[in-house]
>>> print(open('data.txt').read())   # compact mmCIF, C-alpha atoms
# COMPACT_ATOMS: atom_id res chain seq x y z
CA MET A 1 -129.08 178.86 -107.29
CA ASP A 2 -126.49 180.44 -104.96
CA ARG A 3 -127.07 179.10 -101.46
CA ASN A 4 -126.57 182.56 -99.98
CA TRP A 5 -129.67 183.78 -101.81
CA VAL A 6 -131.69 180.81 -100.55
CA VAL A 7 -130.63 181.41 -96.94
CA LEU A 8 -131.25 185.14 -97.32
CA GLY A 9 -134.70 184.59 -98.85
CA VAL A 10 -135.79 182.20 -96.09
CA SER A 11 -134.34 184.48 -93.36
CA LEU A 12 -136.04 187.60 -94.72
CA MET A 13 -139.34 185.77 -95.15
CA LEU A 14 -139.29 184.44 -91.58
CA TRP A 15 -138.25 187.83 -90.18
CA GLY A 16 -140.98 189.57 -92.20
CA LEU A 17 -143.64 187.13 -90.99
CA LEU A 18 -142.46 187.50 -87.38
CA PHE A 19 -142.48 191.29 -87.69
CA ILE A 20 -146.03 191.36 -89.09
CA TRP A 21 -147.19 188.96 -86.36
CA ILE A 22 -145.72 191.17 -83.61
CA LEU A 23 -147.36 194.25 -85.14
CA ARG A 24 -150.73 192.45 -85.21
CA VAL A 25 -150.35 191.38 -81.57
CA GLU A 26 -149.42 194.94 -80.60
CA ARG A 27 -152.47 196.33 -82.41
CA ARG A 28 -154.74 193.90 -80.56
CA VAL A 29 -153.13 194.84 -77.24
CA ARG A 30 -153.70 198.51 -78.02
CA ASP A 31 -157.36 197.81 -78.85
CA VAL A 32 -157.91 196.02 -75.53
CA GLU A 33 -156.09 198.80 -73.63
CA LYS A 34 -158.48 201.37 -75.09
CA ARG A 35 -161.61 199.51 -73.92
CA MET B 1 -144.31 203.23 -85.54
CA ILE B 2 -141.12 204.63 -87.01
CA TRP B 3 -138.81 202.88 -84.55
CA ARG B 4 -140.52 199.55 -85.24
CA ILE B 5 -139.85 199.93 -88.96
CA LEU B 6 -136.28 200.94 -88.11
CA ILE B 7 -135.83 197.69 -86.14
CA PHE B 8 -137.19 195.74 -89.11
CA LEU B 9 -134.91 197.51 -91.58
CA TRP B 10 -131.91 197.27 -89.25
CA ILE B 11 -132.12 193.47 -88.95
CA ALA B 12 -133.13 192.98 -92.61
CA THR B 13 -130.24 195.12 -93.87
CA THR B 14 -127.79 193.30 -91.62
CA MET B 15 -129.06 189.96 -92.96
CA VAL B 16 -128.50 191.13 -96.55
CA VAL B 17 -124.98 192.42 -95.84
CA ALA B 18 -124.07 189.40 -93.69
CA LEU B 19 -125.31 186.76 -96.10
CA LEU B 20 -124.27 188.38 -99.38
CA GLY B 21 -121.37 190.70 -98.52
CA ALA B 22 -119.44 189.18 -95.62
CA PRO B 23 -116.81 186.50 -96.26
CA LEU B 24 -116.99 183.02 -94.77
CA VAL B 25 -114.88 182.17 -91.71
CA PRO B 26 -112.23 179.66 -92.95
CA VAL B 27 -112.84 177.16 -90.14
CA LEU B 28 -116.62 177.40 -90.27
CA GLN B 29 -117.07 177.70 -94.03
CA GLU B 30 -120.78 177.51 -95.04
CA THR B 31 -121.88 177.30 -91.41
CA THR B 32 -120.65 180.87 -90.86
CA ARG B 33 -124.20 182.04 -91.63
CA VAL B 34 -125.48 180.47 -88.40
CA LEU B 35 -123.14 182.78 -86.44
CA TYR B 36 -125.35 185.82 -87.17
CA PHE B 37 -128.39 184.21 -85.52
CA HIS B 38 -126.95 181.81 -82.95
CA ILE B 39 -124.72 184.15 -80.94
CA PRO B 40 -127.16 187.11 -80.86
CA SER B 41 -129.84 184.70 -79.56
CA ALA B 42 -127.46 183.46 -76.86
CA TRP B 43 -126.56 187.08 -76.00
CA VAL B 44 -130.23 188.07 -75.64
CA THR B 45 -130.82 184.97 -73.50
CA VAL B 46 -128.23 186.14 -70.96
CA LEU B 47 -129.50 189.74 -71.19
CA ALA B 48 -133.12 188.70 -70.64
CA LEU B 49 -132.35 186.35 -67.76
CA GLY B 50 -130.19 189.04 -66.16
CA TRP B 51 -133.04 191.56 -66.54
CA SER B 52 -135.39 189.03 -64.96
CA MET B 53 -133.03 188.66 -62.00
CA ILE B 54 -132.64 192.45 -61.55
CA ASN B 55 -136.41 192.92 -61.55
CA SER B 56 -136.82 190.04 -59.13
CA VAL B 57 -134.45 191.78 -56.71
CA LEU B 58 -136.33 195.06 -57.22
CA TYR B 59 -139.63 193.28 -56.56
CA LEU B 60 -138.40 191.90 -53.24
CA ILE B 61 -137.27 195.40 -52.24
CA ARG B 62 -140.25 197.44 -53.48
CA ARG B 63 -143.07 194.85 -53.70
CA ASP B 64 -144.16 196.51 -56.92
CA MET B 65 -146.02 194.20 -59.31
CA ARG B 66 -144.56 196.05 -62.29
CA ASN B 67 -141.19 194.53 -61.40
CA ASP B 68 -142.79 191.09 -61.26
CA ASP B 69 -144.29 191.68 -64.71
CA HIS B 70 -140.86 192.60 -66.07
CA ALA B 71 -139.19 189.61 -64.38
CA ALA B 72 -141.73 187.12 -65.74
CA ALA B 73 -141.72 188.60 -69.25
CA ALA B 74 -137.92 188.62 -69.41
CA ALA B 75 -137.71 185.00 -68.21
CA GLU B 76 -140.23 183.91 -70.86
CA LEU B 77 -138.39 185.77 -73.61
CA GLY B 78 -135.04 184.51 -72.32
CA LEU B 79 -136.37 180.97 -72.65
CA VAL B 80 -137.61 181.64 -76.20
CA PHE B 81 -134.25 183.08 -77.29
CA CYS B 82 -132.48 180.20 -75.51
CA ILE B 83 -134.54 177.76 -77.61
CA VAL B 84 -133.56 179.69 -80.77
CA ALA B 85 -129.89 179.52 -79.73
CA THR B 86 -130.22 175.78 -79.04
CA VAL B 87 -131.93 175.04 -82.37
CA THR B 88 -129.48 177.13 -84.43
CA GLY B 89 -126.58 175.55 -82.49
CA SER B 90 -127.98 172.11 -83.20
CA ILE B 91 -128.24 172.88 -86.93
CA TRP B 92 -124.62 174.00 -86.84
CA ALA B 93 -123.57 170.87 -84.90
CA LYS B 94 -125.23 168.62 -87.47
CA SER B 95 -123.26 170.29 -90.23
CA MET B 96 -119.89 170.45 -88.43
CA TRP B 97 -119.96 167.43 -86.12
CA GLY B 98 -122.37 165.18 -88.05
CA SER B 99 -124.88 164.93 -85.23
CA TRP B 100 -127.72 167.17 -84.04
CA TRP B 101 -126.84 166.66 -80.37
CA ASN B 102 -123.53 165.50 -78.86
CA TRP B 103 -123.77 166.37 -75.14
CA ASP B 104 -120.83 168.70 -75.66
CA PRO B 105 -120.23 170.91 -72.53
CA ARG B 106 -121.85 173.89 -74.32
CA GLU B 107 -124.90 171.84 -75.28
CA THR B 108 -125.19 170.34 -71.81
CA SER B 109 -124.93 173.81 -70.24
CA ILE B 110 -127.66 175.30 -72.41
CA PHE B 111 -129.82 172.23 -71.75
CA PHE B 112 -129.58 172.96 -68.01
CA VAL B 113 -130.46 176.62 -68.59
CA LEU B 114 -133.57 175.49 -70.50
CA LEU B 115 -134.53 173.13 -67.67
CA ILE B 116 -133.99 175.75 -64.95
CA TYR B 117 -136.11 178.42 -66.65
CA GLY B 118 -138.70 175.91 -67.83
CA ALA B 119 -139.09 175.07 -64.12
CA TYR B 120 -139.42 178.82 -63.37
CA LEU B 121 -142.42 179.08 -65.69
CA ALA B 122 -143.88 175.85 -64.26
CA LEU B 123 -143.47 177.33 -60.77
CA ARG B 124 -145.28 180.52 -61.77
CA GLY B 125 -148.10 178.53 -63.30
CA SER B 126 -148.58 176.35 -60.23
CA ILE B 127 -148.90 179.03 -57.54
CA GLU B 128 -152.27 180.58 -56.72
CA GLY B 129 -152.26 184.14 -55.45
CA GLU B 130 -150.52 187.05 -57.09
CA GLU B 131 -148.33 188.16 -54.18
CA LYS B 132 -147.21 184.67 -53.23
CA ARG B 133 -146.43 183.82 -56.87
CA ALA B 134 -144.44 187.01 -57.34
CA ARG B 135 -142.46 186.52 -54.11
CA LEU B 136 -141.54 182.87 -54.66
CA SER B 137 -140.80 183.43 -58.35
CA ALA B 138 -138.52 186.34 -57.50
CA VAL B 139 -136.51 184.20 -55.07
CA TYR B 140 -136.31 181.38 -57.63
CA SER B 141 -135.26 183.76 -60.41
CA ILE B 142 -132.41 185.17 -58.32
CA VAL B 143 -131.16 181.70 -57.35
CA ALA B 144 -131.57 180.49 -60.95
CA PHE B 145 -129.53 183.34 -62.38
CA VAL B 146 -126.64 182.52 -60.06
CA ALA B 147 -126.27 179.32 -62.12
CA VAL B 148 -126.32 181.08 -65.51
CA PRO B 149 -122.81 182.64 -65.69
CA PRO B 150 -121.06 179.42 -64.55
CA LEU B 151 -123.12 177.31 -66.97
CA ILE B 152 -122.65 179.59 -69.98
CA PHE B 153 -119.20 181.09 -69.40
CA VAL B 154 -117.27 178.86 -66.99
CA VAL B 155 -118.20 175.19 -67.60
CA PRO B 156 -117.44 175.26 -71.36
CA ARG B 157 -114.01 176.74 -70.59
CA ILE B 158 -113.14 174.15 -67.95
CA TYR B 159 -114.03 171.05 -69.93
CA SER B 160 -112.61 170.37 -73.37
CA THR B 161 -115.14 171.18 -76.05
CA LEU B 162 -115.43 170.99 -79.81
CA HIS B 163 -117.32 174.29 -79.77
CA PRO B 164 -115.44 177.15 -81.52
CA ASP B 165 -113.59 179.64 -79.33
CA PRO B 166 -115.60 182.43 -77.77
CA ILE B 167 -115.83 185.70 -79.74
CA ILE B 168 -113.40 187.36 -77.35
CA ASN B 169 -110.44 184.98 -77.37
CA GLY B 170 -108.01 184.10 -74.61
CA SER B 171 -105.84 187.16 -75.24
CA GLY B 172 -108.87 189.45 -74.87
CA LYS B 173 -109.08 190.32 -78.57
CA ILE B 174 -111.84 189.90 -81.12
CA ASP B 175 -110.21 187.97 -83.93
CA MET B 176 -112.66 188.56 -86.80
CA ASP B 177 -112.74 189.84 -90.34
CA PRO B 178 -113.86 193.53 -90.16
CA MET B 179 -116.95 192.88 -92.30
CA ILE B 180 -117.99 189.84 -90.25
CA ARG B 181 -117.40 191.85 -87.08
CA TRP B 182 -119.61 194.70 -88.32
CA CYS B 183 -122.43 192.32 -89.28
CA PHE B 184 -122.07 190.39 -86.05
CA PHE B 185 -122.29 193.45 -83.76
CA SER B 186 -125.04 194.96 -85.89
CA MET B 187 -127.07 191.78 -85.45
CA LEU B 188 -126.36 191.78 -81.70
CA LEU B 189 -127.78 195.30 -81.55
CA GLY B 190 -130.75 194.37 -83.75
CA PHE B 191 -131.63 191.39 -81.54
CA THR B 192 -131.30 193.61 -78.46
CA PHE B 193 -133.76 196.13 -79.96
CA LEU B 194 -136.11 193.25 -80.81
CA PHE B 195 -135.91 191.99 -77.24
CA THR B 196 -136.74 195.43 -75.77
CA TRP B 197 -139.76 195.70 -78.07
CA LEU B 198 -141.03 192.20 -77.22
CA GLN B 199 -140.35 192.81 -73.53
CA SER B 200 -142.44 195.99 -73.44
CA LEU B 201 -145.23 194.24 -75.34
CA ARG B 202 -145.26 191.23 -72.98
CA VAL B 203 -145.33 193.52 -69.94
CA ARG B 204 -148.34 195.35 -71.41
CA VAL B 205 -150.10 192.00 -71.88
CA SER B 206 -149.39 191.07 -68.24
CA ARG B 207 -150.91 194.35 -67.06
CA LEU B 208 -153.97 193.78 -69.20
CA GLU B 209 -154.35 190.25 -67.81
CA ARG B 210 -154.27 191.66 -64.27
CA ARG B 211 -156.73 194.41 -65.13
CA LEU B 212 -159.14 191.95 -66.72
CA ALA B 213 -158.82 189.54 -63.79
CA THR B 214 -159.88 192.15 -61.22
>>> encode(input="data.txt", output="structure tokens")
Amino acid sequence: MDRNWVVLGVSLMLWGLLFIWILRVERRVRDVEKR
Amino acid sequence: MIWRILIFLWIATTMVVALLGAPLVPVLQETTRVLYFHIPSAWVTVLALGWSMINSVLYLIRRDMRNDDHAAAAAELGLVFCIVATVTGSIWAKSMWGSWWNWDPRETSIFFVLLIYGAYLALRGSIEGEEKRARLSAVYSIVAFVAVPPLIFVVPRIYSTLHPDPIINGSGKIDMDPMIRWCFFSMLLGFTFLFTWLQSLRVRVSRLERRLAT
């Protein structure tokens, strides 16, 4: 397999996971702020 | 929510274009890919530490805890991005120089930056009392940032290094393929947006911690 696709796949996966994690943290912060 | 998705798409699109569309730099070959993560991380490190210093100065002038929140959050994030820059640089060094760590002037400089800001966080964690912690941390942050420009920009230029030339070369020009340049600056912008998002989130957490503590 072309190495560019491997690097791209890993990069997008890590970035996607990080993005979802930040969104989850932000949602929890918002919940606590509302209390 | 829209701007968050825009940040995601911005960085993801740049990754796709950079890794599939942009050519490789002749000298760097396969390691060119590291460029799109390593330099933006180093850029955000300097930006974050500078923001921490500015807010530390503002804290000492205004004695407003919001400035202390910003200073602490920026120092933490600066340290995180500095670690990312160090790790990606180390991966690149292994590929180009055959060793993960060589005590090259660039590596030594970034190691000192990590130590200095690791000590900043240790200092914050060891002081009881909000006002005292904010005041001493602000002074430390200002003194610490004085060391950052010499360590990052001056030392590697004084001593001979194997590290590739800076992006802006000696004649003040950016010598890059147009596609690489577009991807590179797009990633710089994407990382900057990511930093501003994380910074605002960390500041909100600090305010919540204070609210819950009182």
>>> closest_atom_pairs(input="data.txt", of="chain B", to="chain A", cutoff="7 Å", atoms="only C-alpha atoms", output="Markdown table")
| residue | atom | partner | partner_atom | distance |
| --- | --- | --- | --- | --- |
| B:Ala12 | CA | A:Leu12 | CA | 6.5 |
| B:Met15 | CA | A:Leu8 | CA | 6.9 |
| B:Val16 | CA | A:Leu8 | CA | 6.6 |
| B:Leu19 | CA | A:Asn4 | CA | 5.9 |
| B:Leu20 | CA | A:Asn4 | CA | 6.3 |
| B:Leu201 | CA | A:Glu26 | CA | 6.8 |
| B:Val205 | CA | A:Val29 | CA | 6.8 |
>>> atom_distance(input="data.txt", atom1="atom CA of B:Val25", atom2="atom CA of B:Met176")
8.4 Å
>>> atom_distance(input="data.txt", atom1="atom CA of A:Asp31", atom2="atom CA of B:Arg210")
16.1 Å
>>> atom_distance(input="data.txt", atom1="atom CA of B:Gly125", atom2="atom CA of B:Ile54")
20.9 Å
>>> closest_residue(input="data.txt", among="B:Leu6, B:Val154, B:Leu28, B:Ile110", to="B:Trp97", atoms="only C-alpha atoms")
B:Leu28
>>> residues_around(input="data.txt", residues="stretch 64-76 of chain B", least_positions_apart="4", cutoff="7 Å", atoms="only C-alpha atoms", output="short mmCIF file (atom, residue, chain, number, x, y, z; two decimals) with C-alpha atoms, in the frame of the given file")
data_model
loop_
_atom_site.label_atom_id
_atom_site.label_comp_id
_atom_site.auth_asym_id
_atom_site.auth_seq_id
_atom_site.Cartn_x
_atom_site.Cartn_y
_atom_site.Cartn_z
CA ALA B 48 -133.12 188.70 -70.64
CA LEU B 49 -132.35 186.35 -67.76
CA TRP B 51 -133.04 191.56 -66.54
CA SER B 52 -135.39 189.03 -64.96
CA MET B 53 -133.03 188.66 -62.00
CA ASN B 55 -136.41 192.92 -61.55
CA SER B 56 -136.82 190.04 -59.13
CA LEU B 58 -136.33 195.06 -57.22
CA TYR B 59 -139.63 193.28 -56.56
CA VAL B 80 -137.61 181.64 -76.20
CA TYR B 117 -136.11 178.42 -66.65
CA ALA B 134 -144.44 187.01 -57.34
CA GLN B 199 -140.35 192.81 -73.53
CA ARG B 202 -145.26 191.23 -72.98
CA VAL B 203 -145.33 193.52 -69.94
CA SER B 206 -149.39 191.07 -68.24
#
>>> closest_residue(input="data.txt", among="B:Arg204, B:Arg133, B:Arg106, B:Arg63", to="B:Arg157", atoms="all atoms listed in the file")
B:Arg106
